[in-house]
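Asker: Below are the C-alpha cells for one structure; questions will follow.
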Amino acid sequence: MIYLDYGATSFHKPPAVYRAAEKAMHCCANPGRGGYGAAMEAAKTVFDCRAAAAELFSCESDQVVLTASCTHGLNIAIRSVVKPGDTVVISGFEHNAVTRPLYALGADIRVAGRKLFDWDDTLTEFERALKGADAAVFTHVSNVFGYILPVGEMAALCRQRGVPFILDAAQSAGTLPVDFSALGAEFIAMPGHKGLLGLPGTGLLLCSQPGKPLLFGGTGTQSIRKEMPEQLPERLEAGTMNVPGIAGLTQGLKCLKRIGTDTIFRQEQQILGHCVRGLVGQGFRVFAGAHQAATVSFLPGMDCEEAAENLAKRGIAVRAGLHCAPLAHESAGTLETGTLRVSPGYDTTLGQIDVFLRASAKLPPFPS
Ligand code: PLP
C-alpha cells in the first residue's frame with residue numbers, strides 16, 4: 001500500500017517508536033504510584049517525554065501535559081479559556097475538535113478569514129473580528145487544504161489586543177516550528193500520533209496557566225486533598241497514563257530532533273510540488289497555493305468517496321469526504337462534494353507519488 005493519509009495519522013513510525021513502546025510494556029509499572037523500580041522506570045519514561053517535548057517546543061517540562069489526543073488537549077484548553085456565552089474568534093478552516101467543544105459550551109463563534117492561501121484576507125478579517133472578542137482559537141495548518149495560517153502575526157494581534165488564544169498544532173507539530181514562548185498562547189494542543197511520529201492515544205498540551213481539569217481523579221500526589229492539585233502537570237493528568245504510548249512518543253520526538261523538522265518540511269514541499277503538478281496536468285480541480293503544507297485536496301469528475309475506493313483497490317490510501325472539518329469545506333465551497341485529500345509524510349518518496357499519479361490518471365478529470 002502507498003500510504004498518503006499522514007493527515008489522519010503517521011501510519012509508519014520509526015522502528016525505535018515501536019521498540020520503546022514494547023520495552024515499556026515489559027519494564028514500566030504506574031508512574032508516580034510507587035518507589036519501586038518499575039514505577040520509577042515509568043516515572044522516568046514520562047519525564048523523558050516531557051523533557052523532549054519542552055526542548056522541541058521551547059517551554060518548561062512542567063508546562064507539558066500528556067493527553068490522549070489533540071482533541072483531549074483542545075477540550076481542556078477551551079474549557080479553561082472560554083466561558084459559556086463568550087465571543088470566540090476562529091479561522092474559517094477549523095476542525096470539529098475546535099468547533100464542537102465551542103458549540104457545546106455555548107460560545108458565540110465568529111468565523112474570520114475564509115479565503116484559502118490568502119494571508120492578507122486571513123489577517124484583515126482576523127484583526128477585525130478580534131474587536132470585543134473574549135478569546136481566539138485557530139489552527140496552524142488546515143487539515144483539508146494544507147493552508148498554513150499566518151499564526152505568528154495572528155498571535156501578535158491577539159497579544160496586542162489582550163485576547164487569550166489557543167493554537168491547534170495538529171497538522172504542524174513535527175513539520176513547522178512551533179515556539180510556545182514566542183507565540184504567547186494560553187495553550188497549544190497537538191496529537192502525538194501525527195507529525196510527532198508517536199502512537200495513537202497520545203497527545204501534548206503546552207500550558208501557560210494551570211487550566212481547568214476536564215478529568216478528576218488520582219494523580220499519585222497530594223492524595224489527601226479533595227480537589228485536584230493546583231500545579232501542573234498533575235492538575236490536568238488524572239488517571240493512569242499511557243506509558244507505552246508515551247515511551248514511543250519520546251522516540252518520535254528524538255527522531256524529529258535527529259532529522260530536523262526543517263529537513264522534513266523541505267522534503268515534503270518537494271513531494272507536494274510534484275503531486276500538485278501531476279494532478280493539475282491530469283485535469284482535476286486542485287486546491288493549491290502559497291503557504292501550503294504537504295496536504296492537497298482535489299476534485300475528480302466523479303464522487304470523491306467512490307474515487308477513494310477506486311484508488312484503494314489500486315493500493316493507494318487517501319481520504320475522501322469532509323475530513324471532520326465541514327467549516328473548511330464551507331469556506332472553500334466544497335461542502336456538498338467533499339474532496340479527495342492526499343497527505344504525504346516524512347517518509348513519502350517521489351517514486352510513490354508517481355505510482356499514485358499513475359492510479360489517479362484513471363479517474364475522470366473535473367468537468368471544465
Ligand atoms: N485538529 C486538526 C486540525 C486535526 O487535523 C485533527 C485530526 O485530524 C485534530 C485536531 C484532532 O486530533 P486527534 O485525532 O489527535 O484528536
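In the C-alpha cells, chains take letters A, B, ... by order of appearance, with residues numbered from 1 within each chain and ligands from 1 in the order shown.
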Write out as JSON, numbers by chain all residues of region 209-366 of chain A that backbone DSSP assigns to helix (DSSP H, G or I).

Answerer: {"A": [234, 235, 236, 243, 244, 245, 246, 247, 248, 249, 250, 251, 252, 253, 254, 255, 256, 257, 258, 259, 261, 262, 263, 264, 265, 266, 267, 268, 269, 270, 271, 272, 273, 274, 275, 276, 277, 278, 279, 280, 281, 304, 305, 306, 307, 308, 309, 310, 311, 312, 313, 326, 327, 328, 329, 330, 331, 332, 350, 351, 352, 353, 354, 355, 356, 357, 358, 359, 360]}

Asker: For ligand 1, collect every residue having any atom at a distance of at most 6 Å from a ligand atom (counting only C-alpha atoms and all ligand atoms); output as a list of chain:residue names.

Answerer: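 The distance check yields A:Ala8, A:Ser69, A:Cys70, A:Thr71, A:His95, A:Ala97, A:Thr139, A:Ser142, A:Asn143, A:Asp168, A:Ala170, A:Gln171, A:Pro191.
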
Asker: Could you write out, as a ChimeraX atom specification, all the residues of region 93-228 of chain A that DSSP marks as strand (DSSP E)?

Answerer: /A:108-112,135-139,165-168,187-191,203-207

Asker: So, counting only C-alpha atoms, which residue among A:Cys158, A:Ala107, A:Ala135, A:Ala169 is closest to Val81 (chain A)?

Answerer: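 Using only C-alpha atoms, Val81 (chain A) sits closest to A:Ala135.
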
Asker: Enter the distance from CA of His72 (chain A) to CA of Ala189 (chain A), in Å, rounded to one decimal.

Answerer: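 Spanning CA of His72 (chain A) to CA of Ala189 (chain A) is a straight-line distance of 8.5 Å.
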
Asker: Need the shell around Ser297 (chain A): protein/DNA/RNA residues with any atom at most 7 Å away, counting only C-alpha atoms. Skip same-chain ones fewer than 2 positions apart. Format as a VMD selection string?

Answerer: chain A and resid 144 to 145 286 to 287 295 339 to 342

Asker: Given the selection you just returned, output its residues as a file containing all heavy atoms, formatted as a PDB file, in the first residue's frame.

Answerer:
ATOM      1  N   VAL A 144      -7.508  19.945   5.751  1.00  0.00           N
ATOM      2  CA  VAL A 144      -8.115  19.587   4.465  1.00  0.00           C
ATOM      3  C   VAL A 144      -7.278  20.112   3.303  1.00  0.00           C
ATOM      4  O   VAL A 144      -7.055  19.407   2.319  1.00  0.00           O
ATOM      5  CB  VAL A 144      -9.541  20.188   4.356  1.00  0.00           C
ATOM      6  CG1 VAL A 144     -10.184  19.763   3.039  1.00  0.00           C
ATOM      7  CG2 VAL A 144     -10.394  19.777   5.536  1.00  0.00           C
ATOM      8  N   PHE A 145      -6.815  21.355   3.414  1.00  0.00           N
ATOM      9  CA  PHE A 145      -6.187  22.017   2.267  1.00  0.00           C
ATOM     10  C   PHE A 145      -4.699  22.301   2.465  1.00  0.00           C
ATOM     11  O   PHE A 145      -4.035  22.802   1.561  1.00  0.00           O
ATOM     12  CB  PHE A 145      -6.921  23.329   1.971  1.00  0.00           C
ATOM     13  CG  PHE A 145      -8.372  23.106   1.629  1.00  0.00           C
ATOM     14  CD1 PHE A 145      -9.380  23.367   2.555  1.00  0.00           C
ATOM     15  CD2 PHE A 145      -8.730  22.588   0.396  1.00  0.00           C
ATOM     16  CE1 PHE A 145     -10.710  23.134   2.250  1.00  0.00           C
ATOM     17  CE2 PHE A 145     -10.060  22.356   0.073  1.00  0.00           C
ATOM     18  CZ  PHE A 145     -11.055  22.626   1.013  1.00  0.00           C
ATOM     19  N   VAL A 286      -7.669  21.298  -8.505  1.00  0.00           N
ATOM     20  CA  VAL A 286      -6.679  21.110  -7.435  1.00  0.00           C
ATOM     21  C   VAL A 286      -6.638  22.371  -6.572  1.00  0.00           C
ATOM     22  O   VAL A 286      -6.564  23.491  -7.096  1.00  0.00           O
ATOM     23  CB  VAL A 286      -5.277  20.835  -8.034  1.00  0.00           C
ATOM     24  CG1 VAL A 286      -4.267  20.569  -6.923  1.00  0.00           C
ATOM     25  CG2 VAL A 286      -5.325  19.649  -8.983  1.00  0.00           C
ATOM     26  N   PHE A 287      -6.690  22.183  -5.266  1.00  0.00           N
ATOM     27  CA  PHE A 287      -6.639  23.318  -4.338  1.00  0.00           C
ATOM     28  C   PHE A 287      -5.184  23.506  -3.900  1.00  0.00           C
ATOM     29  O   PHE A 287      -4.693  22.798  -3.020  1.00  0.00           O
ATOM     30  CB  PHE A 287      -7.548  23.059  -3.132  1.00  0.00           C
ATOM     31  CG  PHE A 287      -8.997  22.963  -3.535  1.00  0.00           C
ATOM     32  CD1 PHE A 287      -9.527  21.772  -4.010  1.00  0.00           C
ATOM     33  CD2 PHE A 287      -9.826  24.075  -3.468  1.00  0.00           C
ATOM     34  CE1 PHE A 287     -10.855  21.689  -4.397  1.00  0.00           C
ATOM     35  CE2 PHE A 287     -11.153  23.998  -3.866  1.00  0.00           C
ATOM     36  CZ  PHE A 287     -11.666  22.806  -4.329  1.00  0.00           C
ATOM     37  N   THR A 295      -0.275  18.845   2.169  1.00  0.00           N
ATOM     38  CA  THR A 295      -1.619  18.262   2.132  1.00  0.00           C
ATOM     39  C   THR A 295      -2.317  18.928   0.976  1.00  0.00           C
ATOM     40  O   THR A 295      -2.331  20.157   0.897  1.00  0.00           O
ATOM     41  CB  THR A 295      -2.367  18.565   3.452  1.00  0.00           C
ATOM     42  OG1 THR A 295      -1.747  17.829   4.506  1.00  0.00           O
ATOM     43  CG2 THR A 295      -3.833  18.178   3.378  1.00  0.00           C
ATOM     44  N   THR A 339     -13.855  16.517  -0.663  1.00  0.00           N
ATOM     45  CA  THR A 339     -12.706  16.467  -1.594  1.00  0.00           C
ATOM     46  C   THR A 339     -11.985  15.133  -1.395  1.00  0.00           C
ATOM     47  O   THR A 339     -12.267  14.401  -0.450  1.00  0.00           O
ATOM     48  CB  THR A 339     -11.683  17.597  -1.307  1.00  0.00           C
ATOM     49  OG1 THR A 339     -11.279  17.507   0.066  1.00  0.00           O
ATOM     50  CG2 THR A 339     -12.234  18.971  -1.612  1.00  0.00           C
ATOM     51  N   LEU A 340     -11.062  14.893  -2.299  1.00  0.00           N
ATOM     52  CA  LEU A 340     -10.105  13.795  -2.105  1.00  0.00           C
ATOM     53  C   LEU A 340      -8.841  14.441  -1.555  1.00  0.00           C
ATOM     54  O   LEU A 340      -8.337  15.406  -2.148  1.00  0.00           O
ATOM     55  CB  LEU A 340      -9.759  13.168  -3.444  1.00  0.00           C
ATOM     56  CG  LEU A 340     -10.503  11.928  -3.893  1.00  0.00           C
ATOM     57  CD1 LEU A 340      -9.964  11.498  -5.243  1.00  0.00           C
ATOM     58  CD2 LEU A 340     -10.363  10.805  -2.897  1.00  0.00           C
ATOM     59  N   ARG A 341      -8.351  13.928  -0.435  1.00  0.00           N
ATOM     60  CA  ARG A 341      -7.185  14.551   0.192  1.00  0.00           C
ATOM     61  C   ARG A 341      -5.975  13.622   0.122  1.00  0.00           C
ATOM     62  O   ARG A 341      -6.057  12.455   0.511  1.00  0.00           O
ATOM     63  CB  ARG A 341      -7.493  14.850   1.655  1.00  0.00           C
ATOM     64  CG  ARG A 341      -6.336  15.489   2.397  1.00  0.00           C
ATOM     65  CD  ARG A 341      -6.617  15.643   3.866  1.00  0.00           C
ATOM     66  NE  ARG A 341      -6.494  14.375   4.572  1.00  0.00           N
ATOM     67  CZ  ARG A 341      -6.607  14.240   5.892  1.00  0.00           C
ATOM     68  NH1 ARG A 341      -6.877  15.300   6.639  1.00  0.00           N
ATOM     69  NH2 ARG A 341      -6.483  13.067   6.468  1.00  0.00           N
ATOM     70  N   VAL A 342      -4.881  14.189  -0.362  1.00  0.00           N
ATOM     71  CA  VAL A 342      -3.612  13.453  -0.410  1.00  0.00           C
ATOM     72  C   VAL A 342      -2.705  14.096   0.630  1.00  0.00           C
ATOM     73  O   VAL A 342      -2.426  15.289   0.567  1.00  0.00           O
ATOM     74  CB  VAL A 342      -2.950  13.594  -1.801  1.00  0.00           C
ATOM     75  CG1 VAL A 342      -1.688  12.745  -1.884  1.00  0.00           C
ATOM     76  CG2 VAL A 342      -3.922  13.216  -2.899  1.00  0.00           C
TER      77      VAL A 342
END

Asker: Residues within 12 Å of Lys254 (chain A), please, as a list in words. Count only C-alpha atoms; anything in the same chain fewer than 6 positions from it doesn't count.

Answerer: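 Near Lys254 (chain A), the qualifying residues are Pro14, Ala16, Val17, Ala20, Asp48, Cys49, Arg50, Ala51, Ala52, Ala53, Ala54, Glu55, Leu56, Gly174, Leu196, Leu197, Gly198, Ala247, Gly248, Gly260 and Thr261 of chain A.
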
Asker: Which residues, written as a PyMOL selection string, have at least one atom at most 9 Å from Thr348 (chain A), with only C-alpha atoms counted and residues fewer than 6 positions away on the same chain left out?

Answerer: chain A and resi 2-4+267-268+271

Asker: For region 146-153 of chain A, work out the shell of residues within 9 Å, counting only C-alpha atoms and skipping chain neighbours fewer than 6 positions away, then give it as JSON, numbers by chain.

Answerer: {"A": [91, 93, 116, 117, 118, 119, 122, 123, 138, 139, 140, 167, 171, 172, 182, 183, 288, 289, 290, 291, 292, 293, 294, 295, 296, 297, 343]}

Asker: Using only C-alpha atoms, which of A:Ala104, A:Val111, A:Ile264, A:Leu256 sits nearest Val88 (chain A)?

Answerer: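 Ranking A:Ala104, A:Val111, A:Ile264, A:Leu256 by distance to Val88 (chain A), first place goes to A:Val111.
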
Asker: Can you work out the spacing between CA of Tyr346 (chain A) and CA of Gln270 (chain A) in Å, to one decimal?

Answerer: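 Distance reported for this atom pair: 11.4 Å.
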
Asker: Write out as a ChimeraX atom specification each polymer residue whose atoms come within 9 Å of Asp354 (chain A), counting only C-alpha atoms; drop sequence neighbours fewer than 6 positions from it.

Answerer: /A:274-275,278

Asker: Would you compute the distance between CA of Ala136 (chain A) and CA of Glu234 (chain A)? Give it in Å to one decimal.

Answerer: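 The value is 25.8 Å.
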
Asker: Measuring atom to atom with only C-alpha atoms, identify which of A:Ala29, A:Gly113, A:Glu227, A:Tyr36 is nearest to Glu330 (chain A).

Answerer: A:Gly113
